[in-house]
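See below for structure_2.pdb, which holds PDB, C-alpha atoms.
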MODEL        1
ATOM      1  CA  MET C  10     116.552  -0.985  44.662
ATOM      2  CA  ASN C  11     113.108   0.465  45.280
ATOM      3  CA  HIS C  12     113.656   1.971  48.764
ATOM      4  CA  GLY C  13     109.949   1.559  49.539
ATOM      5  CA  ARG C  14     108.725   3.751  46.689
ATOM      6  CA  PRO C  15     105.832   2.535  44.520
ATOM      7  CA  LEU C  16     106.684   1.412  40.989
ATOM      8  CA  ALA C  17     103.361   2.530  39.478
ATOM      9  CA  ILE C  18     102.245  -0.966  38.555
ATOM     10  CA  VAL C  19      98.491  -1.120  38.119
ATOM     11  CA  ARG C  20      96.127  -4.078  37.936
ATOM     12  CA  ALA C  21      93.890  -4.767  34.967
ATOM     13  CA  GLY C  22      90.965  -2.358  35.076
ATOM     14  CA  ASP C  23      92.737   0.210  37.264
ATOM     15  CA  SER C  24      93.234   3.663  35.830
ATOM     16  CA  ALA C  25      96.696   4.977  35.016
ATOM     17  CA  VAL C  26      98.580   7.126  37.477
ATOM     18  CA  HIS C  27      96.797  10.449  37.964
ATOM     19  CA  ALA C  28      99.439  12.874  36.826
ATOM     20  CA  ALA C  29      97.472  16.077  36.331
ATOM     21  CA  GLU C  30      98.480  17.322  39.769
ATOM     22  CA  SER C  31     101.850  15.556  39.706
ATOM     23  CA  PHE C  32     103.763  18.401  38.107
ATOM     24  CA  THR C  33     102.239  21.370  39.934
ATOM     25  CA  GLY C  34     105.522  21.727  41.809
ATOM     26  CA  GLY C  35     108.904  21.700  40.167
ATOM     27  CA  GLU C  36     110.103  18.679  42.146
ATOM     28  CA  HIS C  37     108.154  16.140  40.066
ATOM     29  CA  ALA C  38     109.008  17.864  36.791
ATOM     30  CA  ILE C  39     112.709  17.794  37.646
ATOM     31  CA  ALA C  40     112.483  14.097  38.583
ATOM     32  CA  ALA C  41     110.837  13.317  35.227
ATOM     33  CA  LEU C  42     113.426  15.300  33.293
ATOM     34  CA  LYS C  43     116.283  13.661  35.233
ATOM     35  CA  ALA C  44     114.819  10.259  34.421
ATOM     36  CA  LEU C  45     114.832  11.099  30.713
ATOM     37  CA  ALA C  46     118.297  12.684  30.813
ATOM     38  CA  GLN C  47     119.995   9.274  30.971
ATOM     39  CA  PRO C  48     120.468   7.932  27.398
ATOM     40  CA  SER C  49     119.354   4.345  28.097
ATOM     41  CA  ARG C  50     116.194   5.509  29.859
ATOM     42  CA  MET C  51     115.404   7.897  27.001
ATOM     43  CA  GLU C  52     115.833   4.981  24.575
ATOM     44  CA  ILE C  53     113.517   2.799  26.673
ATOM     45  CA  PHE C  54     110.934   5.567  26.978
ATOM     46  CA  ARG C  55     110.935   6.169  23.209
ATOM     47  CA  MET C  56     110.724   2.421  22.533
ATOM     48  CA  VAL C  57     107.722   2.014  24.836
ATOM     49  CA  HIS C  58     106.062   5.140  23.434
ATOM     50  CA  ALA C  59     106.469   3.785  19.881
ATOM     51  CA  ALA C  60     104.627   0.626  20.974
ATOM     52  CA  SER C  61     101.658   2.568  22.376
ATOM     53  CA  PRO C  62      98.885   1.963  23.072
ATOM     54  CA  HIS C  63      99.711  -1.752  23.368
ATOM     55  CA  GLY C  64     102.955  -1.313  25.318
ATOM     56  CA  LEU C  65     105.848  -3.724  25.724
ATOM     57  CA  ALA C  66     106.613  -6.501  28.168
ATOM     58  CA  ALA C  67     109.616  -5.882  30.415
ATOM     59  CA  ARG C  68     111.429  -8.908  28.990
ATOM     60  CA  VAL C  69     110.916  -7.627  25.409
ATOM     61  CA  ILE C  70     112.358  -4.258  26.433
ATOM     62  CA  ALA C  71     115.366  -6.005  28.013
ATOM     63  CA  ALA C  72     115.925  -8.092  24.872
ATOM     64  CA  ARG C  73     115.775  -5.033  22.613
ATOM     65  CA  VAL C  74     118.078  -2.968  24.817
ATOM     66  CA  GLY C  75     120.485  -5.874  25.114
ATOM     67  CA  GLY C  76     121.500  -5.133  28.680
ATOM     68  CA  PRO C  77     121.196  -7.195  31.836
ATOM     69  CA  HIS C  78     117.621  -7.610  33.055
ATOM     70  CA  SER C  79     118.537  -6.096  36.424
ATOM     71  CA  VAL C  80     119.776  -2.877  34.784
ATOM     72  CA  VAL C  81     116.718  -2.607  32.526
ATOM     73  CA  SER C  82     114.500  -3.254  35.551
ATOM     74  CA  MET C  83     116.209  -0.389  37.378
ATOM     75  CA  HIS C  84     115.623   1.925  34.384
ATOM     76  CA  LEU C  85     111.946   0.908  34.236
ATOM     77  CA  ALA C  86     111.605   1.586  37.967
ATOM     78  CA  VAL C  87     113.100   5.087  37.596
ATOM     79  CA  LEU C  88     110.775   5.909  34.686
ATOM     80  CA  SER C  89     107.800   4.516  36.620
ATOM     81  CA  ARG C  90     108.614   6.521  39.771
ATOM     82  CA  ALA C  91     108.824   9.605  37.555
ATOM     83  CA  ARG C  92     105.296   8.669  36.390
ATOM     84  CA  LEU C  93     106.367   8.550  32.743
ATOM     85  CA  LEU C  94     105.663   4.822  32.400
ATOM     86  CA  VAL C  95     102.946   2.671  33.903
ATOM     87  CA  GLY C  96     103.411  -1.066  34.299
ATOM     88  CA  GLN C  97     100.415  -3.367  34.210
ATOM     89  CA  ARG C  98     100.728  -6.921  35.453
ATOM     90  CA  GLN C  99      99.257  -9.484  33.047
ATOM     91  CA  GLY C 100      99.864 -12.961  34.429
ATOM     92  CA  ASP C 101     103.601 -13.263  34.972
ATOM     93  CA  LEU C 102     104.374 -10.373  32.583
ATOM     94  CA  VAL C 103     104.525  -6.670  33.298
ATOM     95  CA  ILE C 104     103.463  -4.618  30.287
ATOM     96  CA  TYR C 105     104.806  -1.054  30.252
ATOM     97  CA  ARG C 106     103.024   1.825  28.543
ATOM     98  CA  THR C 107     103.722   5.520  28.474
ATOM     99  CA  ASN C 108     101.552   7.682  30.707
ATOM    100  CA  PRO C 109     100.079  10.317  28.349
ATOM    101  CA  SER C 110      98.510  12.345  31.158
ATOM    102  CA  ALA C 111     101.913  12.653  32.858
ATOM    103  CA  MET C 112     103.582  13.727  29.615
ATOM    104  CA  LYS C 113     100.896  16.359  29.005
ATOM    105  CA  ALA C 114     101.129  17.584  32.599
ATOM    106  CA  LEU C 115     104.921  17.829  32.342
ATOM    107  CA  LEU C 116     104.704  19.863  29.132
ATOM    108  CA  ARG C 117     102.031  22.141  30.657
ATOM    109  CA  TYR C 118     104.268  22.712  33.669
ATOM    110  CA  MET C 119     107.308  23.451  31.503
ATOM    111  CA  VAL C 120     105.584  26.069  29.321
ATOM    112  CA  ARG C 121     103.604  27.885  31.988
ATOM    113  CA  PRO C 122     104.957  31.307  32.936
ATOM    114  CA  ALA C 123     107.554  31.280  35.674
ATOM    115  CA  PRO C 124     106.858  33.334  38.790
ATOM    116  CA  VAL C 125     108.395  36.797  38.729
ATOM    117  CA  ARG C 126     111.046  37.303  41.396
ATOM    118  CA  ALA C 127     111.796  40.674  42.811
TER     119      ALA C 127
ENDMDL
END

Take the structure in the file and give it back as structure tokens.
Amino acid sequence: MNHGRPLAIVRAGDSAVHAAESFTGGEHAIAALKALAQPSRMEIFRMVHAASPHGLAARVIAARVGGPHSVVSMHLAVLSRARLLVGQRQGDLVIYRTNPSAMKALLRYMVRPAPVRA
């Protein structure tokens, strides 16, 4: 269930999700890491990343994972809300690709010095 949150689906010609500022606070970084902490979502993320830059259709992902479409759809929604995947509608298909700017921003956030606490 989406609960009113966007799924990061873009139309042809639209740019990918702007993630450079997405991970300036720890909240987005933690959401991305939580999304990847679930084994099936990590498998899906790695599968989609391996298919870059072309991406994979949602139904191809579901067939490769072998799970119910509803469960795979939920995993894709979690990864999209975490800005790690971007879905692009092409006719009646949704093609998912990894979001390289989000991955770079997440890594930059993770390796930057932590604030010193007194």

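With all atoms listed in the file as the atoms that count, the minimum distance from C:Gly100 to the choices C:Leu88, C:Ala66, C:Val57, C:Pro122 is reached by C:Ala66.
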
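Selection check: the PyMOL selection byres ((chain C and resi 91) around 7) on the shown file gives Ala40, Ala41, Ala44, Val87, Leu88, Ser89, Arg90, Arg92 and Leu93 of chain C.
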
Can you tell me, as a compact mmCIF listing (two decimals) with C-alpha atoms, keeping the file's coordinate frame, what residues are no more than 10 Å from C:Ile53 when counting only C-alpha atoms, ignoring any on the same chain fewer than 3 positions away?
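File written: out-v1.txt
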# COMPACT_ATOMS: atom_id res chain seq x y z
CA LEU C 45 114.83 11.10 30.71
CA PRO C 48 120.47 7.93 27.40
CA SER C 49 119.35 4.34 28.10
CA ARG C 50 116.19 5.51 29.86
CA MET C 56 110.72 2.42 22.53
CA VAL C 57 107.72 2.01 24.84
CA HIS C 58 106.06 5.14 23.43
CA ALA C 59 106.47 3.78 19.88
CA ILE C 70 112.36 -4.26 26.43
CA ALA C 71 115.37 -6.00 28.01
CA ARG C 73 115.78 -5.03 22.61
CA VAL C 74 118.08 -2.97 24.82
CA VAL C 81 116.72 -2.61 32.53
CA HIS C 84 115.62 1.92 34.38
CA LEU C 85 111.95 0.91 34.24
CA LEU C 88 110.78 5.91 34.69
CA LEU C 94 105.66 4.82 32.40

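Going from atom CA of C:Arg106 over to atom CA of C:Ala60, you cover 7.8 Å.
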
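Each of C:Pro124, C:Ser82, C:Thr107, C:Lys43 was checked against C:Val69 using all atoms listed in the file; the smallest atom-to-atom distance is that of C:Ser82.
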
Listed atoms of stretch 63-73 of chain C, axis-aligned box, 4 Å per side: centre and edge lengths to one decimal in Å, as lines of an AutoDock Vina configuration file?
center_x = 107.8
center_y = -5.1
center_z = 26.5
size_x = 24.2
size_y = 15.6
size_z = 15.8

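Atom CA of C:Arg98 is found 22.1 Å from atom CA of C:Glu52.
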
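Atom to atom, atom CA of C:Pro62 and atom CA of C:Ala111 stand 14.8 Å apart.
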
### Query
Which residues come within 9 Å of C:Arg68, counting only C-alpha atoms, excluding same-chain residues fewer than 6 positions away, as an MDAnalysis selection string?
chainID C and resid 78 81 102:103
